[in-house]
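Here the structure is laid out as structure tokens; the discussion comes afterwards.
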Amino acid sequence: MSGLRARSRIPLLFFSRGIRGVSSRNGRLRRSNLSAAEEASNIVSVPSTEEQLQDIVKDVLPKNKGVTSPPKKKPKNAIDDIKLQRKSPLLQPIIPENQYEHLAQVVTPLCQIPYQKQLQMKEHQAVKTLQVLAKRLDNVRAPYEKLMRRLPCPLESIKPSPEVIAYRNKDEFGINFGVDGNPKTVGFYVGRPTDPLMVCVPPTYLINMRDSHKHIAQSFQNFICQSALDTCHRFDAGGTWRNLLVRSTDGGEKMVTVVIHPQQLPEEGIEEIMEDLRKYFFEGEGSDCELDSLYLQACKHTRCTREQAPYRLIAGKEYITETCLGLSFQISPDAFFQVNTRGAEVLYSTMKDVAEVSPISTVLDICCGTGTISLVLAPHVRGTVGIDVTSGAVEDAKKNASQNNIFNTNFLAGKAEKILPILSQELNEYVDVIAVVNPARAGLHPDVIRTIRQCEAINKLVYISCKPEGFAMENFVKLGSTVGKGTKKDKSFPFVPRYAVPVDMFPHTEHTELVLLFQRVTA
């Protein structure tokens, strides 16, 4: 171990809902700061059964003859139908009478389907995804075991989310024209950005969103409507206000990040915006939002890292703290954390069980983000190493480890394809090396997959994907391919799927997390 440190200078530590007005959290009622008139017009009881949930949806989203779906091919199931509709342009303008139903079709398209039926649909999608994977693996001569239903591995029944109402802890709102023509409407888009009929609709009746988030969005809209600055609808058309990011914890802490386009504003102009926001949310009308943290990011691009555009703390705390599986995690403005906290507990517990970790296991947490997976697994293994290209995320991970008194883990900033080869020789000394990856929807870069295959010490890989039918599928195929194996370019042994478990992290949407265990085949 000391030899590797001397060569690489990489230290390892291998020792030792809400319907507006009312929401529910752990069985307790909590009211948002709305006026009496608003409360009276939107009072809905907290759902405790599937029947109550469906009654809510029927009341809030009545069937409207003004909603016209575009002509389409006959889908095989409701989820295929949703994907097809998303690609279709709007045929009629959105009007006040049907805007909320249209928004529900975009954001929570399964909300009118009983939750148990949603789970059945999602499990069916997991079967289809694995069947496609089996065909793709055949094409690359992967040595997997063929099972009944044309599956490449056993598939466990889908695991439901512990919460189905107001479960989201993070929401990002756009700012654009509403159905009333207000160019400063804060909400979500109905229609594609290139669609001339696209509008922005407030989140008033979305059942997967917390009331506090809805209230903050409305309060921010009031603020920018009073501002002389315009909204930045297109970068080439000027304007300042761009996005609003709201995060909250189960303990009730709330963080807001306001994203602007700086245009040609001098530093004094940006500081003036920050001061106006501080006064509004901490002294003025917006103080009833009870924010714990308020940031501003002046971003000239579609997305900016903290290195490109620093997050400026306007007022309050630097971070909020969430608890997951008995551990506490500090949440910074750009920190990755699963949007469904209680669902994340199910996901990470499933990951641990699927990986079959033990006190002799060594875990490589590739693309570790703020270290959630590493810290969840650390008490059950001999040590973990988290790798992430984002230095800020690595710093957050180190802080999270420290505040949880976890000392058998380490976090390294850099590209996995650069760091893994350096670690390979030392990793060969250990008997049970498990890699875990939980990438974004775009999956892993091919170089990372190639490096994982070439790191001979890794015998198991747990891949968590929120879109396994997308780019992640290419990762799965490359992991199992034997085409070209044995050449000078690639002498690695493949990984093949051994077990799969779908976990529903996103009730009322078509999305599901799939936990896939791959094992290396050496003979």
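By order in the structure tokens, chains are A, B, ...; within a chain, residues start at 1; ligands start at 1, following the order shown.
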Excluding A:Glu318 and any residue of its chain fewer than 5 positions from it, enumerate the residues within 7 Å of it, using only C-alpha atoms, and give them as JSON, numbers by chain.
{"A": [293, 313, 332]}
Would you please give, as a PyMOL selection string, all residues of stretch 226-426 of chain A that DSSP assigns to strand (DSSP E) based on the backbone?
chain A and resi 241-248+254-260+293-298+311-316+320-324+327-331+361-366+383-388+409-413
Give me the residues within 9 Å of stretch 450-464 of chain A as a PyMOL selection string, counting only C-alpha atoms and dropping any in the same chain fewer than 2 places off.
chain A and resi 347+351+354-355+364+416-418+420-421+423-439+445-448+466+468+476+478-479+490-495+513-521
Keeping only N, CA and C atoms, write those residues as a short mmCIF file (atom, residue, chain, number, x, y, z; two decimals), in the first residue's frame.
```cif
data_model
loop_
_atom_site.label_atom_id
_atom_site.label_comp_id
_atom_site.auth_asym_id
_atom_site.auth_seq_id
_atom_site.Cartn_x
_atom_site.Cartn_y
_atom_site.Cartn_z
N LEU A 347 -33.94 2.30 -2.03
CA LEU A 347 -32.99 2.09 -3.12
C LEU A 347 -31.63 1.64 -2.59
N MET A 351 -29.64 -1.87 -2.95
CA MET A 351 -28.29 -1.92 -3.51
C MET A 351 -27.36 -2.74 -2.62
N VAL A 354 -28.31 -6.46 -2.88
CA VAL A 354 -27.96 -7.03 -4.19
C VAL A 354 -26.46 -7.24 -4.30
N ALA A 355 -25.68 -6.30 -3.78
CA ALA A 355 -24.22 -6.39 -3.85
C ALA A 355 -23.66 -7.49 -2.95
N LEU A 364 -15.79 0.36 -4.60
CA LEU A 364 -15.42 1.51 -5.43
C LEU A 364 -16.70 2.23 -5.82
N ALA A 416 -12.58 8.76 -13.48
CA ALA A 416 -12.45 7.35 -13.08
C ALA A 416 -11.48 6.62 -13.98
N GLU A 417 -11.49 6.92 -15.28
CA GLU A 417 -10.61 6.23 -16.21
C GLU A 417 -9.14 6.56 -15.98
N LYS A 418 -8.86 7.64 -15.24
CA LYS A 418 -7.49 8.00 -14.90
C LYS A 418 -7.08 7.41 -13.55
N LEU A 420 -8.64 4.75 -11.71
CA LEU A 420 -8.74 3.30 -11.54
C LEU A 420 -7.46 2.55 -11.94
N PRO A 421 -6.83 2.88 -13.06
CA PRO A 421 -5.58 2.17 -13.39
C PRO A 421 -4.50 2.33 -12.32
N LEU A 423 -5.07 2.62 -9.13
CA LEU A 423 -5.46 1.82 -7.98
C LEU A 423 -5.40 0.32 -8.23
N SER A 424 -5.35 -0.08 -9.50
CA SER A 424 -5.53 -1.49 -9.85
C SER A 424 -4.60 -2.44 -9.11
N GLN A 425 -3.31 -2.12 -9.07
CA GLN A 425 -2.35 -3.03 -8.46
C GLN A 425 -2.67 -3.27 -6.99
N GLU A 426 -3.01 -2.21 -6.28
CA GLU A 426 -3.33 -2.38 -4.87
C GLU A 426 -4.65 -3.12 -4.69
N LEU A 427 -5.62 -2.85 -5.55
CA LEU A 427 -6.91 -3.52 -5.45
C LEU A 427 -6.79 -5.03 -5.65
N ASN A 428 -5.78 -5.45 -6.41
CA ASN A 428 -5.57 -6.88 -6.64
C ASN A 428 -5.27 -7.65 -5.35
N GLU A 429 -4.90 -6.93 -4.30
CA GLU A 429 -4.59 -7.57 -3.04
C GLU A 429 -5.85 -7.98 -2.27
N TYR A 430 -7.02 -7.50 -2.71
CA TYR A 430 -8.25 -7.73 -1.96
C TYR A 430 -9.13 -8.75 -2.67
N VAL A 431 -9.93 -9.49 -1.90
CA VAL A 431 -10.63 -10.65 -2.45
C VAL A 431 -12.03 -10.34 -2.94
N ASP A 432 -12.66 -9.28 -2.50
CA ASP A 432 -14.03 -8.98 -2.90
C ASP A 432 -14.16 -7.49 -3.20
N VAL A 433 -13.80 -7.12 -4.43
CA VAL A 433 -13.85 -5.72 -4.84
C VAL A 433 -15.13 -5.50 -5.66
N ILE A 434 -15.95 -4.59 -5.18
CA ILE A 434 -17.26 -4.33 -5.80
C ILE A 434 -17.30 -2.88 -6.26
N ALA A 435 -17.63 -2.66 -7.52
CA ALA A 435 -17.83 -1.31 -8.03
C ALA A 435 -19.32 -0.99 -8.02
N VAL A 436 -19.66 0.23 -7.66
CA VAL A 436 -21.05 0.70 -7.68
C VAL A 436 -21.11 1.99 -8.49
N VAL A 437 -22.05 2.07 -9.43
CA VAL A 437 -22.21 3.28 -10.23
C VAL A 437 -23.68 3.69 -10.22
N ASN A 438 -23.89 4.98 -10.12
CA ASN A 438 -25.25 5.55 -10.16
C ASN A 438 -25.20 6.82 -10.99
N PRO A 439 -25.00 6.67 -12.31
CA PRO A 439 -24.80 7.85 -13.16
C PRO A 439 -26.10 8.55 -13.50
N HIS A 445 -19.49 7.28 -19.47
CA HIS A 445 -18.68 7.45 -20.69
C HIS A 445 -18.06 6.10 -21.05
N PRO A 446 -17.97 5.76 -22.34
CA PRO A 446 -17.38 4.47 -22.75
C PRO A 446 -16.00 4.22 -22.15
N ASP A 447 -15.23 5.29 -21.94
CA ASP A 447 -13.90 5.12 -21.34
C ASP A 447 -14.00 4.57 -19.92
N VAL A 448 -15.05 4.96 -19.19
CA VAL A 448 -15.22 4.46 -17.82
C VAL A 448 -15.56 2.98 -17.85
N CYS A 466 -31.65 5.23 -13.70
CA CYS A 466 -33.01 5.77 -13.72
C CYS A 466 -33.59 5.75 -15.13
N PRO A 468 -32.78 2.85 -17.74
CA PRO A 468 -32.01 1.71 -18.25
C PRO A 468 -32.25 1.42 -19.72
N PHE A 476 -24.50 -1.42 -20.57
CA PHE A 476 -24.73 -2.83 -20.23
C PHE A 476 -24.16 -3.75 -21.30
N LYS A 478 -21.76 -3.10 -23.53
CA LYS A 478 -20.29 -3.07 -23.57
C LYS A 478 -19.68 -3.83 -22.41
N LEU A 479 -20.37 -3.84 -21.28
CA LEU A 479 -19.87 -4.62 -20.15
C LEU A 479 -19.83 -6.11 -20.47
N ASP A 490 -7.95 -5.33 -26.16
CA ASP A 490 -8.85 -5.67 -25.06
C ASP A 490 -8.66 -7.13 -24.64
N LYS A 491 -8.05 -7.33 -23.49
CA LYS A 491 -7.86 -8.67 -22.95
C LYS A 491 -8.75 -8.90 -21.73
N SER A 492 -9.70 -8.00 -21.53
CA SER A 492 -10.51 -8.07 -20.32
C SER A 492 -11.60 -9.13 -20.42
N PHE A 493 -12.04 -9.61 -19.25
CA PHE A 493 -13.17 -10.53 -19.17
C PHE A 493 -14.46 -9.72 -18.98
N PRO A 494 -15.56 -10.21 -19.55
CA PRO A 494 -16.81 -9.44 -19.51
C PRO A 494 -17.56 -9.55 -18.18
N PHE A 495 -18.51 -8.64 -18.01
CA PHE A 495 -19.47 -8.68 -16.90
C PHE A 495 -20.83 -9.03 -17.48
N GLU A 513 -36.18 3.43 -11.04
CA GLU A 513 -34.77 3.07 -10.89
C GLU A 513 -34.64 1.55 -11.04
N LEU A 514 -33.61 1.12 -11.77
CA LEU A 514 -33.34 -0.31 -11.90
C LEU A 514 -31.96 -0.60 -11.32
N VAL A 515 -31.93 -1.51 -10.35
CA VAL A 515 -30.67 -1.93 -9.74
C VAL A 515 -30.25 -3.24 -10.40
N LEU A 516 -29.10 -3.22 -11.08
CA LEU A 516 -28.62 -4.39 -11.82
C LEU A 516 -27.28 -4.85 -11.25
N LEU A 517 -27.21 -6.12 -10.90
CA LEU A 517 -25.93 -6.70 -10.47
C LEU A 517 -25.27 -7.40 -11.65
N PHE A 518 -24.03 -7.00 -11.95
CA PHE A 518 -23.21 -7.66 -12.97
C PHE A 518 -22.08 -8.38 -12.27
N GLN A 519 -21.72 -9.54 -12.80
CA GLN A 519 -20.60 -10.30 -12.25
C GLN A 519 -19.63 -10.65 -13.37
N ARG A 520 -18.35 -10.60 -13.03
CA ARG A 520 -17.35 -10.89 -14.05
C ARG A 520 -17.29 -12.39 -14.35
N VAL A 521 -17.21 -12.70 -15.63
CA VAL A 521 -17.08 -14.09 -16.09
C VAL A 521 -15.64 -14.31 -16.50
#
```
Among stretch 109-250 of chain A, which ones does DSSP place in alpha helix (DSSP H), written as a PyMOL selection string?
chain A and resi 115-139+211-226
Output N, CA and C atoms for every residue in that selection, as a short mmCIF file (atom, residue, chain, number, x, y, z; two decimals), in the first residue's frame.
```cif
data_model
loop_
_atom_site.label_atom_id
_atom_site.label_comp_id
_atom_site.auth_asym_id
_atom_site.auth_seq_id
_atom_site.Cartn_x
_atom_site.Cartn_y
_atom_site.Cartn_z
N TYR A 115 -52.13 3.35 -7.67
CA TYR A 115 -50.69 3.15 -7.49
C TYR A 115 -50.26 1.71 -7.71
N GLN A 116 -51.05 0.75 -7.25
CA GLN A 116 -50.68 -0.64 -7.47
C GLN A 116 -50.62 -0.97 -8.95
N LYS A 117 -51.50 -0.38 -9.72
CA LYS A 117 -51.47 -0.57 -11.17
C LYS A 117 -50.23 0.08 -11.77
N GLN A 118 -49.84 1.25 -11.24
CA GLN A 118 -48.61 1.90 -11.70
C GLN A 118 -47.42 0.96 -11.51
N LEU A 119 -47.37 0.32 -10.35
CA LEU A 119 -46.26 -0.59 -10.06
C LEU A 119 -46.23 -1.76 -11.04
N GLN A 120 -47.40 -2.28 -11.36
CA GLN A 120 -47.47 -3.38 -12.32
C GLN A 120 -46.95 -2.94 -13.69
N MET A 121 -47.33 -1.74 -14.10
CA MET A 121 -46.88 -1.21 -15.39
C MET A 121 -45.36 -1.04 -15.41
N LYS A 122 -44.81 -0.53 -14.32
CA LYS A 122 -43.38 -0.29 -14.26
C LYS A 122 -42.59 -1.61 -14.21
N GLU A 123 -43.15 -2.59 -13.52
CA GLU A 123 -42.48 -3.88 -13.51
C GLU A 123 -42.48 -4.50 -14.90
N HIS A 124 -43.58 -4.31 -15.63
CA HIS A 124 -43.66 -4.79 -17.02
C HIS A 124 -42.60 -4.10 -17.87
N GLN A 125 -42.40 -2.81 -17.64
CA GLN A 125 -41.36 -2.08 -18.39
C GLN A 125 -39.98 -2.63 -18.09
N ALA A 126 -39.74 -3.01 -16.83
CA ALA A 126 -38.44 -3.60 -16.46
C ALA A 126 -38.24 -4.92 -17.19
N VAL A 127 -39.30 -5.72 -17.33
CA VAL A 127 -39.21 -6.97 -18.07
C VAL A 127 -38.84 -6.69 -19.52
N LYS A 128 -39.51 -5.72 -20.13
CA LYS A 128 -39.23 -5.37 -21.53
C LYS A 128 -37.79 -4.91 -21.71
N THR A 129 -37.31 -4.09 -20.76
CA THR A 129 -35.94 -3.58 -20.84
C THR A 129 -34.93 -4.73 -20.77
N LEU A 130 -35.14 -5.67 -19.87
CA LEU A 130 -34.22 -6.80 -19.75
C LEU A 130 -34.31 -7.73 -20.96
N GLN A 131 -35.48 -7.86 -21.55
CA GLN A 131 -35.60 -8.67 -22.77
C GLN A 131 -34.82 -8.05 -23.91
N VAL A 132 -34.88 -6.72 -24.01
CA VAL A 132 -34.08 -6.03 -25.02
C VAL A 132 -32.60 -6.24 -24.75
N LEU A 133 -32.22 -6.15 -23.47
CA LEU A 133 -30.83 -6.36 -23.10
C LEU A 133 -30.37 -7.76 -23.52
N ALA A 134 -31.21 -8.76 -23.31
CA ALA A 134 -30.84 -10.13 -23.69
C ALA A 134 -30.56 -10.22 -25.19
N LYS A 135 -31.39 -9.60 -25.99
CA LYS A 135 -31.16 -9.61 -27.45
C LYS A 135 -29.86 -8.91 -27.80
N ARG A 136 -29.61 -7.79 -27.15
CA ARG A 136 -28.38 -7.04 -27.43
C ARG A 136 -27.15 -7.84 -27.00
N LEU A 137 -27.25 -8.55 -25.88
CA LEU A 137 -26.12 -9.36 -25.41
C LEU A 137 -25.86 -10.53 -26.35
N ASP A 138 -26.91 -11.07 -26.95
CA ASP A 138 -26.74 -12.14 -27.94
C ASP A 138 -25.89 -11.63 -29.11
N ASN A 139 -26.15 -10.39 -29.50
CA ASN A 139 -25.46 -9.82 -30.66
C ASN A 139 -23.97 -9.64 -30.43
N ASP A 211 -46.06 21.39 -0.55
CA ASP A 211 -46.73 22.69 -0.51
C ASP A 211 -45.73 23.83 -0.34
N SER A 212 -44.70 23.59 0.45
CA SER A 212 -43.71 24.65 0.67
C SER A 212 -43.05 25.06 -0.63
N HIS A 213 -42.81 24.11 -1.53
CA HIS A 213 -42.20 24.43 -2.82
C HIS A 213 -43.16 25.25 -3.68
N LYS A 214 -44.43 24.88 -3.66
CA LYS A 214 -45.43 25.63 -4.43
C LYS A 214 -45.53 27.06 -3.93
N HIS A 215 -45.52 27.20 -2.62
CA HIS A 215 -45.65 28.52 -2.03
C HIS A 215 -44.44 29.40 -2.35
N ILE A 216 -43.26 28.81 -2.32
CA ILE A 216 -42.05 29.56 -2.66
C ILE A 216 -42.08 30.00 -4.12
N ALA A 217 -42.51 29.11 -5.01
CA ALA A 217 -42.60 29.45 -6.43
C ALA A 217 -43.55 30.63 -6.65
N GLN A 218 -44.71 30.59 -5.99
CA GLN A 218 -45.66 31.69 -6.13
C GLN A 218 -45.10 32.99 -5.56
N SER A 219 -44.42 32.89 -4.42
CA SER A 219 -43.85 34.08 -3.80
C SER A 219 -42.75 34.68 -4.68
N PHE A 220 -41.93 33.81 -5.28
CA PHE A 220 -40.88 34.31 -6.18
C PHE A 220 -41.50 34.96 -7.41
N GLN A 221 -42.60 34.40 -7.91
CA GLN A 221 -43.27 35.04 -9.04
C GLN A 221 -43.75 36.44 -8.67
N ASN A 222 -44.29 36.59 -7.47
CA ASN A 222 -44.70 37.92 -7.02
C ASN A 222 -43.51 38.88 -6.99
N PHE A 223 -42.36 38.36 -6.58
CA PHE A 223 -41.16 39.21 -6.50
C PHE A 223 -40.71 39.68 -7.87
N ILE A 224 -40.58 38.76 -8.83
CA ILE A 224 -40.07 39.17 -10.14
C ILE A 224 -41.09 40.02 -10.91
N CYS A 225 -42.38 39.83 -10.60
CA CYS A 225 -43.38 40.68 -11.25
C CYS A 225 -43.26 42.13 -10.79
N GLN A 226 -42.71 42.33 -9.60
CA GLN A 226 -42.48 43.68 -9.09
C GLN A 226 -41.15 44.25 -9.57
#
```
Atomic separation - atom CA of A:Asn475 relative to atom CA of A:Ala142, Å
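Interatomic distance, atom CA of A:Ala142 to atom CA of A:Asn475: 13.2 Å.
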Contacts of A:Asn169 at 6 Å (only C-alpha atoms; same-chain gap of 3+ positions) as a ChimeraX atom specification
/A:247-248,339
Those residues you just picked out, can you put them in a file as a CSV table (one decimal), in the first residue's frame with N, CA and C atoms?
```
chain,number,residue,atom,x,y,z
A,247,ARG,N,-35.1,23.4,-2.7
A,247,ARG,CA,-34.8,22.1,-2.1
A,247,ARG,C,-35.3,22.2,-0.7
A,248,SER,N,-35.7,21.0,-0.1
A,248,SER,CA,-36.1,21.0,1.3
A,248,SER,C,-35.8,19.6,1.9
A,339,VAL,N,-34.2,12.6,-5.2
A,339,VAL,CA,-35.3,13.5,-5.0
A,339,VAL,C,-36.4,13.0,-4.1
```
So which residues touch A:Leu291 within 10 Å, counting only C-alpha atoms, skipping near sequence neighbours fewer than 2 positions away, as a list in words?
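My reading of the contact set: Ser212, Ile216, Val246, Ser248, Gly252, Glu253, Lys254, Met255, Val256, Phe281, Phe282, Gly286, Ser287, Asp288, Cys289, Ser293, Leu294, Ala315, Gly316 and Lys317 of chain A.
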One number please: atom CA of A:Asp292 to atom CA of A:Val389, in Å, one decimal.
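Interatomic distance here is 29.0 Å.
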Please produce, as a Markdown table, a per-residue contact table for stretch 159-278 of chain A versus stretch 88-94 of chain A (criterion: any atom at most 8 Å away, only C-alpha atoms considered), showing the nearest atom pair and its distance in Å to one decimal, sorted by chain then residue number.
```
| residue | atom | partner | partner_atom | distance |
| --- | --- | --- | --- | --- |
| A:Val179 | CA | A:Ile94 | CA | 6.6 |
| A:Gly191 | CA | A:Leu90 | CA | 6.3 |
| A:Arg192 | CA | A:Pro89 | CA | 7.2 |
| A:Asp195 | CA | A:Pro89 | CA | 6.4 |
| A:Leu197 | CA | A:Pro93 | CA | 5.8 |
| A:Met198 | CA | A:Leu90 | CA | 7.6 |
| A:Val199 | CA | A:Ile94 | CA | 7.3 |
```
Near-A:Asp180 list (10 Å; only C-alpha atoms; drop same-chain fewer than 4 positions) as a PyMOL selection string
chain A and resi 94-96+185+199-201
